[in-house]
Each structure stands twice: as C-alpha cells, then as structure tokens.
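Trainee: Encoded as structure tokens, here's the structure I'll be asking about.
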Amino acid sequence: MFNRTSLQAAAALASISLVSGCGVFSDTESAGEQRITIGTTSSPSTLDPAASWDSSWELFRNVYQTLVSFPTGSTSPKPDAAECKFTDASSRVFECTLLEGLKFSNGHKLDAKAVQHSIERIRTIDAEGGPNGMLGSLDSIETVGERTVVFKLNKADATFPFVLATPAMSIVDPAEYPADKLRKDGKVVGSGPYVLDGYEVRKQAELTSNPNYKGFADRKNGGVTIKYFDDSEAMVKALRAEEIDATYRGLTAAEVTSLEEDKDENKGLQLVESTGADIRYLVFNTEDESVANPAVRRAIAQLVDRDELVSKVYRGTAEPLYSMVPKGIAAHTTKFFDTYGHPDKKKAAKILEKAGIDEKVELNFWYTTDRYGSSTAAEFAELKRQLEESGLFKVTIQGKPWTEYQAAYQQGEYPVFGRGWFPDFPDPDNFIAPFLGKKNVLGTPYLSPRITDELLPKSRRESDRGAVTDEFVEAQSIMVDDVRLLPLWQGKLYIAARDDIGGAERALDPQTVMQLWELHRRASW
C-alpha cells in the first residue's frame, strides 16, 4: 500500500520497516553496491561553486566537500574536512585544521592552500548571482603549514561558520579551477562522497563513490544517477514506471494529493514529508517605473490573498507567509498581516488614490518555468486574477526557463518577478541579509542602512543565535514598510519514493539539500 512518512517520525520508520517485513541489507558490501536513481525538476545552473547561489548546491553537496557541514539532525556546523573554531572572544578569527591525508578525486593533495584558493577565487571572480555576497565579513585568509587555515574577519560575524558550511564554499583543486575565471568544461573535481562520472546538461548526472573521500558522510549506496526532468508530470510517470527510485523537488500540489489519495495507482510507493523552511516571494525592481512608487507596491500587498493562493494552487502543501523569516526560524513574525490585515480592495484603492494614481496600473509579472515546479504557472495566474479582480491593475504574466530567467532578472530586466529561497543555513540572518545591499542575490539593489549598517552587525556579534530576535523583528518591520519583497508562502518538502528505498527521512539536511548518501535499497527478509 501507499505509505506517507514525516521526517519527524524517522525513528518510527525503522520500527515500521521491521514490522512490515522489510529491513536494510545485512551484507554491508552488497548494500553499498546498490545504485539509486533520483528524479528532480531542479537542474544545476553551473558546476562551478564560485558561480552558484542557487539549488545547484544539491549536486555540490554530494561531489564537493566543505570545511564544516550540516549532517542530518544538526542545526549548527559540524566538522567535515576540518575541525574549526573561533580562537578569539570577538568572533573575528576562525581557525580550521584539516583532517590528515585528504585528497581530491583525481588524487591531488587537498591542503590549506587549496582551501585558500577555493574561497579567494569566489571573491576574485565575483560572478553575477554567485556567492561572493556571503563573504562580506571576510578580510583575509592565511595558511599555517599544510593543514591549518585561518580566516580573519573585518568585523564580528557569528554566522561565518554557517557560511563555510554551505556548498558555495566547496573546496576545489587549484590545478583544475583557475583563480580568476570559472571552469566551463562540464567536469568536476572535488573531494566529496561521490565523483561526477558523467553529466549531460538538464538531462542526467552519474555519481559513483569517491575512493579518496574522508568525511562525515556514511555512504549507504554504491552510486546515484540523477535524472533532470523538464516537468513534474514526466517525473512522476517515471517513478510509477520504476524508471527512477525517488523524486526530489518539483512535485506539484495536485501530484502530492494524488500520491496520498490513490492507493491503487500508487501501490508500492511512499511519500516522505518534511517541514520546509523554503519560501516564495515577489521581488519589485524599483528602477522600473511601474513599481517605483511605494504606493503601487503597498496596494499589491493589500490585495494579495495568500489563503486563497495556498488553497487553490497548493492544496495544503504550503501555508501563508507574512514575513521573509518563515515559521520554525527564530524571529519569525507576521508583520505583513499585522500591517495590512485581510485583503481589501477599498483599502488598496485608497492607497493608490492618496498617491495620486487614478488610472489602472499596468504590470508585468515574470516567473521561471522550470525551477520551482509546475505549480508556479498556476500561482502566477492566481496572482493575476486577484489583482485584476480589484479593477486596479492590469497584469501580464510571462515565464522563462531558469537559465534565461536568472540572467534577465540579474540585469534588471523584470519589473516584478517571483523567486524561491531555500535557506543557506537555519538562521534569520539568512532570510534577510542576502536580499539587501547594492550587490545581492536578486540583482536588484536594495539599500537599507538601518538594517545593513546597524541591525545586522549588532546581531552578528551575538554567538547565541537565539538572542537576536529584537534586531530581526525590527528589520522585518522596515522591510514591510518598503515592500521591496512580498512574501507569499512557506512550503513543505516531499520525497516520493519506491517502497524498497530507505533513508529518505534522513536525506534532507537543515539547508534542505539532498544528502544522497543516505538513500539505500531495502530488501525483504
């Protein structure tokens, strides 16, 4: 029959597996030889960590290695390639000592100079949409001998270990990755759990176990094939046809509902649900005349009906979000609801009238067709319906594939566009800081000196991350007043898999990145 599992019930899953007559292989070697095939609608935009601040990290986590990482169940960085700690009381000197005998997959030595090269090239290249913005507190990197790396920060930053734990800070081989330009030959040399043996853009990635790997990952399979699908319908069809063993990212709400309800059609499948920290939001490019006036943005905020959006399009697989910091993360608020209350056409009309806007406002909304799942088109159709039903707006919606879409919004071509955010790390800083500043992950400058020059620096001096609520509550109040970003909903994550696949409940780390090494094939007793 069809099974549904919550990540919070991981311990219970083991008991259920035993009772139902299934168990993991008793022969470790034979279990480790099993290959797993995964399907996803989220393909990498690049293979070079210096260029990626997006879901390319899903592949990176499995083929590259970082100094510290987030093993399943951890909410703070743990050792991966190194043991690390702050060596001063002001959180400005962070020292890492590499494990002994580390090598890249090509056999080259992984030493302190390789780490220095990997991080410094991110800053040198400064790729558009790349992770350089995450390194704003880094002043310099020094090496001591072959195994010690010392990061000196230009200001207190208690989040710096969290940054180093992201796949953006993957360690690369200096002999293979130039210091001043991106690698573009479609190949990967890393020191992670797997080697990328084959890669076809937007089609498939072939991963095999890396014999040189030393780290925390306990590989429970012999390798993984990742198949990239253009749409979730084809992905689910492949799952039911046993062409893939599991899916990750991209399931529509309708597909989740179908997988839950139709037990006959879905015999032999399981659905694992995770409480997600991923969010969806609208971005307003204020350099575009159509949304330059704050009144236009505030009127939109007054009209958007999140409950209706979630109910119609996502059918219980998401929930309304009223701040950029989602539920489950410290300092979450409901500031947008507190300010605007329920959707109200009359209030929206008054906002525009007070600003001297007495004609219907024409807007262009953009979304990506292949990054966040097939429901995105329906989501934007619903937003268009809501705004036009008010009689105050005329909305045109258009979609583009992610590669084109990302390049265009980073060049400021879109007045209003949709984005999703999967957290770099589980801290409120990561739901605010990346979107502000002259150079940010959105490509649309958002200057707020009170947040960037005062609130964020103050919060980063505090190593106790539960004690920074006041700073982030105030930051969210400022963002509500600006309405440069409009949060829409917070999602849940689902992995659909064959019944003989184990480990799905442990495969998502706190960054919601897939740890493929946790997946394995179960066998009947």
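Residue names in the structure tokens use chain letters A, B, ... in the order shown, residue numbers from 1 in each chain, and ligand numbers from 1 in the order shown.
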Quick one: everything within 6 Å of segment 48-50 of chain A, counting only C-alpha atoms, minus sequence neighbours fewer than 2 positions away in the same chain. Send it as a ChimeraX atom specification.
Mentor: /A:46,52,122,168
Trainee: Just the selected residues (C-alpha atoms), exported as a compact mmCIF listing (two decimals), in the first residue's frame, please.
Mentor:
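Output below, filename result_29.txt:
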```
# COMPACT_ATOMS: atom_id res chain seq x y z
CA THR A 46 26.50 25.70 -13.12
CA SER A 52 26.33 29.39 -7.68
CA ILE A 122 34.97 33.33 -5.22
CA ALA A 168 29.03 27.53 -2.12
```
Trainee: Segment 430-433 of chain A: which residues within 9 Å, counting only C-alpha atoms, same-chain residues fewer than 5 positions away excluded, as a PDB file with C-alpha atoms, in the first residue's frame?
Mentor:
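As written to disk, around_6.pdb reads:
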```pdb
ATOM      1  CA  MET A 134      28.121  35.739   1.520  1.00  0.00           C
ATOM      2  CA  MET A 324      10.573  36.857   4.976  1.00  0.00           C
ATOM      3  CA  VAL A 325      11.593  34.790   8.016  1.00  0.00           C
ATOM      4  CA  PRO A 326       9.490  31.598   7.992  1.00  0.00           C
ATOM      5  CA  TRP A 421      14.571  30.757  -1.315  1.00  0.00           C
ATOM      6  CA  PRO A 423      17.967  28.538   3.177  1.00  0.00           C
ATOM      7  CA  ASP A 424      21.738  28.546   3.132  1.00  0.00           C
ATOM      8  CA  PHE A 425      21.572  27.870   6.858  1.00  0.00           C
ATOM      9  CA  ASN A 440      22.629  40.958  -3.566  1.00  0.00           C
ATOM     10  CA  ILE A 451      19.424  47.074   8.517  1.00  0.00           C
ATOM     11  CA  THR A 452      22.770  46.590   6.797  1.00  0.00           C
ATOM     12  CA  LEU A 456      22.819  43.006  11.064  1.00  0.00           C
ATOM     13  CA  PHE A 472      15.433  40.821  13.197  1.00  0.00           C
ATOM     14  CA  ALA A 475      14.453  44.554  10.262  1.00  0.00           C
ATOM     15  CA  GLN A 476      11.250  42.870   9.174  1.00  0.00           C
TER      16      GLN A 476
END
```
Trainee: Near Glu33 of chain A, within 8 Å and counting only C-alpha atoms, which residues show up once chain neighbours fewer than 6 positions away are dropped, as a list in words?
Mentor: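 Final neighbour list, sorted by chain and number: Asn221, Gly222 and Gly223 of chain A.
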Trainee: If you keep C-alpha atoms, can you produce a file of those selected residues as a compact mmCIF listing (two decimals), in the first residue's frame?
Mentor:
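Resulting contents of again-v3.txt:
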```txt
# COMPACT_ATOMS: atom_id res chain seq x y z
CA ASN A 221 24.74 3.10 -1.72
CA GLY A 222 27.31 2.49 -4.41
CA GLY A 223 26.33 5.44 -6.57
```
Trainee: Enumerate as a PyMOL selection string all residues of segment 162-352 of chain A assigned to strand (DSSP E) by DSSP on the backbone, naming them with the chain letters and numbers the document uses.
Mentor: chain A and resi 194-200+204-209+223-228+246-247+269-284+318-320
Trainee: I need the residues from that last selection saved to file as a compact mmCIF listing (two decimals), in the first residue's frame (with N, CA, C and O atoms), if you can.
Mentor:
```
# COMPACT_ATOMS: atom_id res chain seq x y z
N TYR A 194 31.00 11.55 -3.57
CA TYR A 194 30.86 10.97 -4.90
C TYR A 194 31.73 11.68 -5.92
O TYR A 194 32.12 12.85 -5.75
N VAL A 195 32.00 10.96 -7.00
CA VAL A 195 32.67 11.51 -8.18
C VAL A 195 31.63 11.69 -9.27
O VAL A 195 30.78 10.81 -9.47
N LEU A 196 31.67 12.82 -9.96
CA LEU A 196 30.77 13.03 -11.09
C LEU A 196 31.40 12.38 -12.32
O LEU A 196 32.30 12.93 -12.94
N ASP A 197 30.90 11.18 -12.67
CA ASP A 197 31.48 10.42 -13.78
C ASP A 197 30.94 10.86 -15.13
O ASP A 197 31.61 10.70 -16.16
N GLY A 198 29.72 11.37 -15.14
CA GLY A 198 29.13 11.79 -16.40
C GLY A 198 28.07 12.85 -16.15
O GLY A 198 27.37 12.81 -15.13
N TYR A 199 27.98 13.81 -17.08
CA TYR A 199 27.00 14.88 -16.90
C TYR A 199 26.50 15.36 -18.26
O TYR A 199 27.29 15.66 -19.15
N GLU A 200 25.19 15.41 -18.39
CA GLU A 200 24.55 15.95 -19.59
C GLU A 200 23.60 17.04 -19.11
O GLU A 200 22.67 16.78 -18.34
N GLN A 204 21.02 14.51 -17.18
CA GLN A 204 21.41 13.44 -16.27
C GLN A 204 22.79 13.69 -15.67
O GLN A 204 23.66 14.29 -16.28
N ALA A 205 22.98 13.20 -14.43
CA ALA A 205 24.29 13.21 -13.78
C ALA A 205 24.55 11.81 -13.23
O ALA A 205 23.66 11.20 -12.63
N GLU A 206 25.75 11.31 -13.43
CA GLU A 206 26.13 9.98 -12.96
C GLU A 206 27.16 10.13 -11.85
O GLU A 206 28.25 10.67 -12.06
N LEU A 207 26.82 9.66 -10.66
CA LEU A 207 27.70 9.76 -9.50
C LEU A 207 28.12 8.37 -9.03
O LEU A 207 27.28 7.47 -8.93
N THR A 208 29.42 8.19 -8.77
CA THR A 208 29.92 6.95 -8.20
C THR A 208 30.72 7.28 -6.94
O THR A 208 31.17 8.41 -6.76
N SER A 209 30.89 6.31 -6.08
CA SER A 209 31.60 6.54 -4.81
C SER A 209 33.03 7.03 -5.06
O SER A 209 33.74 6.50 -5.92
N GLY A 223 26.35 4.35 -5.60
CA GLY A 223 26.33 5.44 -6.57
C GLY A 223 24.91 5.88 -6.84
O GLY A 223 23.94 5.20 -6.46
N VAL A 224 24.79 7.03 -7.49
CA VAL A 224 23.47 7.61 -7.75
C VAL A 224 23.42 8.17 -9.16
O VAL A 224 24.37 8.80 -9.63
N THR A 225 22.31 7.92 -9.83
CA THR A 225 22.00 8.56 -11.11
C THR A 225 20.93 9.61 -10.84
O THR A 225 19.89 9.30 -10.26
N ILE A 226 21.19 10.85 -11.24
CA ILE A 226 20.20 11.92 -11.10
C ILE A 226 19.66 12.23 -12.48
O ILE A 226 20.42 12.56 -13.40
N LYS A 227 18.35 12.11 -12.63
CA LYS A 227 17.70 12.44 -13.90
C LYS A 227 16.97 13.77 -13.74
O LYS A 227 16.19 13.95 -12.81
N TYR A 228 17.24 14.71 -14.66
CA TYR A 228 16.62 16.03 -14.60
C TYR A 228 15.43 16.08 -15.57
O TYR A 228 15.58 15.79 -16.77
N ALA A 246 13.19 7.49 -6.74
CA ALA A 246 12.67 8.53 -5.86
C ALA A 246 12.67 9.86 -6.59
O ALA A 246 13.37 10.04 -7.60
N THR A 247 11.88 10.80 -6.08
CA THR A 247 11.85 12.15 -6.63
C THR A 247 12.30 13.14 -5.56
O THR A 247 12.10 12.93 -4.37
N LEU A 269 4.56 2.71 -3.39
CA LEU A 269 5.23 3.99 -3.23
C LEU A 269 5.08 4.51 -1.81
O LEU A 269 4.16 4.13 -1.09
N GLN A 270 5.99 5.39 -1.43
CA GLN A 270 5.92 6.07 -0.14
C GLN A 270 6.13 7.56 -0.36
O GLN A 270 6.78 7.97 -1.32
N LEU A 271 5.58 8.38 0.53
CA LEU A 271 5.75 9.82 0.46
C LEU A 271 6.30 10.29 1.80
O LEU A 271 5.69 10.08 2.85
N VAL A 272 7.46 10.94 1.77
CA VAL A 272 8.10 11.44 2.98
C VAL A 272 7.93 12.96 3.00
O VAL A 272 8.32 13.65 2.07
N GLU A 273 7.33 13.47 4.06
CA GLU A 273 7.05 14.90 4.18
C GLU A 273 8.01 15.55 5.16
O GLU A 273 8.27 15.04 6.24
N SER A 274 8.54 16.71 4.77
CA SER A 274 9.42 17.50 5.63
C SER A 274 8.83 18.88 5.83
O SER A 274 8.31 19.48 4.89
N THR A 275 8.89 19.39 7.06
CA THR A 275 8.51 20.77 7.31
C THR A 275 9.57 21.66 6.71
O THR A 275 10.72 21.66 7.17
N GLY A 276 9.22 22.38 5.67
CA GLY A 276 10.22 23.13 4.92
C GLY A 276 10.46 24.52 5.46
O GLY A 276 9.59 25.13 6.08
N ALA A 277 11.66 25.02 5.23
CA ALA A 277 11.97 26.42 5.52
C ALA A 277 12.07 27.20 4.22
O ALA A 277 12.48 28.36 4.21
N ASP A 278 11.68 26.55 3.11
CA ASP A 278 11.74 27.23 1.82
C ASP A 278 10.56 28.19 1.69
O ASP A 278 9.47 27.92 2.17
N ILE A 279 10.80 29.32 1.05
CA ILE A 279 9.76 30.33 0.91
C ILE A 279 9.65 30.78 -0.55
O ILE A 279 10.56 30.58 -1.35
N ARG A 280 8.51 31.38 -0.89
CA ARG A 280 8.31 32.01 -2.19
C ARG A 280 7.90 33.45 -1.96
O ARG A 280 7.15 33.76 -1.02
N TYR A 281 8.35 34.32 -2.84
CA TYR A 281 8.09 35.75 -2.66
C TYR A 281 8.18 36.47 -4.00
O TYR A 281 8.73 35.94 -4.98
N LEU A 282 7.63 37.68 -4.04
CA LEU A 282 7.74 38.54 -5.20
C LEU A 282 8.83 39.57 -4.96
O LEU A 282 9.01 40.05 -3.84
N VAL A 283 9.55 39.90 -6.02
CA VAL A 283 10.59 40.93 -5.96
C VAL A 283 10.15 42.11 -6.83
O VAL A 283 9.75 41.91 -7.98
N PHE A 284 10.23 43.31 -6.28
CA PHE A 284 9.89 44.52 -7.02
C PHE A 284 11.17 45.26 -7.38
O PHE A 284 11.93 45.65 -6.49
N ALA A 318 1.47 23.88 1.35
CA ALA A 318 2.15 25.12 1.72
C ALA A 318 1.25 25.88 2.67
O ALA A 318 0.09 25.53 2.85
N GLU A 319 1.79 26.93 3.30
CA GLU A 319 0.97 27.76 4.17
C GLU A 319 1.33 29.22 3.97
O GLU A 319 2.45 29.55 3.57
N PRO A 320 0.37 30.14 4.21
CA PRO A 320 0.62 31.56 4.00
C PRO A 320 1.82 32.06 4.81
O PRO A 320 2.06 31.61 5.93
```
Trainee: In Å, how far is it from atom CA of Leu519 of chain A to atom CA of Arg371 of chain A?
Mentor: 23.4 Å
